[in-house]
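A.B. asks: Quick one: this structure, given as structure tokens, is what I'll be asking you about.
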Amino acid sequence: MDIKEIRSLAKDRMKGVCNLCSECNGIYCSGQVPGMGGTGSGRAMKRSYEKISQVKLNLKTIHEAKKPETNIMIFNQNLSLPLISAPVTGSEINMGGYLSEADYCKAVVSGSKMADTFAMIGDSGNPQFYIDGLNAITEENGCGIAIIKPRENNKIIENIKKAEIANALAVGVDIDGAGLVTMALLGQPVGPKSKAELKEIISSTNLPVILKGIMTVEEALLAVEIGAKAIVVSNHGGRILDDTLAPIEVLPEIAKAVKGKITIMADGSVRSGRDIFKYIAAGADIVLCARPIIWGAIGGGSEGVASYINHLKNELIQAMILTGANNIGEINSDMISYNFDI
């Protein structure tokens, strides 16, 4: 499908919840939670966009990188590019209601697989949304990752067992969701996790466990210590705490501390293949993407998701050609410049 067509259809179907602005900078949707915006003033979401936009690519054209390879391996899976569809729930609540939760999950999981990568499915105040995501993973023979809210440990472990039955590739806890008031209002309380609680979660399964919402070197080192297989450097899209730093600001120091010891994922305002490149250059092993995936699903179902991912892949290839990277492993910090302290 054509990206312009996907975006046009998505804009109509999202009924003003998302304006699909030419610059998806968090201004139009500021404060719209539920909805597509950042919490409170929206400054955290806007900062994530501003900071990733300030990172620039160093143009180089005297080299041999003519046909870059974008594939990577993660969790024994070969992906066509270092991108995973981020866990997003609440299609009927946050995205205008064009798709049911089950249809949204199916579009994202199957569309990601069509593009030779995979999706994360999420958890929410409505427990059925998690089941809808797991059903989509089951239909695609386990091609997906289940991310669970920081509920009480017995509830998390119960949901991990459900993910095991679905043959999910991995599981995770978005520990940055600890302050979600909407969960408590719906009778699904969440909260911070102690080191001991996280160890109990990790020891409860043979699946790789991901901790999503790491924004400090201290907690990245702790994740390594307790045996997590991956972290996601993320501020939850700026949707949980106003005035946080942007993921790209803290990523380089985190990567300096734990690169090679744990898989480093990152997300936050990924809108293009160039943004994927920037995060990889700043130290991530793989990048999560949400907004473009949402647009793809609502504008074109699974085909729309696959088309948008392939569009991002083509932009990534162009960035690699014009910076001199033959493969993802060759992308490094010398290929980017920025005018803020990170």
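Following the order of the structure tokens, chains are lettered A, B, ..., residues in each are numbered from 1, and ligands are numbered from 1.
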For segment 151-160 of chain A, please output as a ChimeraX atom specification all residues within 12 Å (counting only C-alpha atoms; exclusion window: fewer than 5 positions along the same chain).
C.D. replies: /A:122-125,127-128,130-131,133-134,145-146,165-180,183-184,187-194,196-210
A.B. asks: Any idea what the distance is between atom CA of Glu164 of chain A and atom CA of Leu288 of chain A?
C.D. replies: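 Computed distance, atom CA of Glu164 of chain A to atom CA of Leu288 of chain A, equals 22.2 Å.
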A.B. asks: For each of A:Met36, A:Ile309, A:Val181, A:Ala230, take the minimum atom-to-atom distance to Val108 of chain A, counting only C-alpha atoms, then give the residue where this is smallest.
C.D. replies: A:Ile309
A.B. asks: Could you please determine the separation between atom CA of Lys56 of chain A and atom CA of Ser269 of chain A in Å, to one decimal place?
C.D. replies: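 Here the two named atoms are 14.9 Å from each other.
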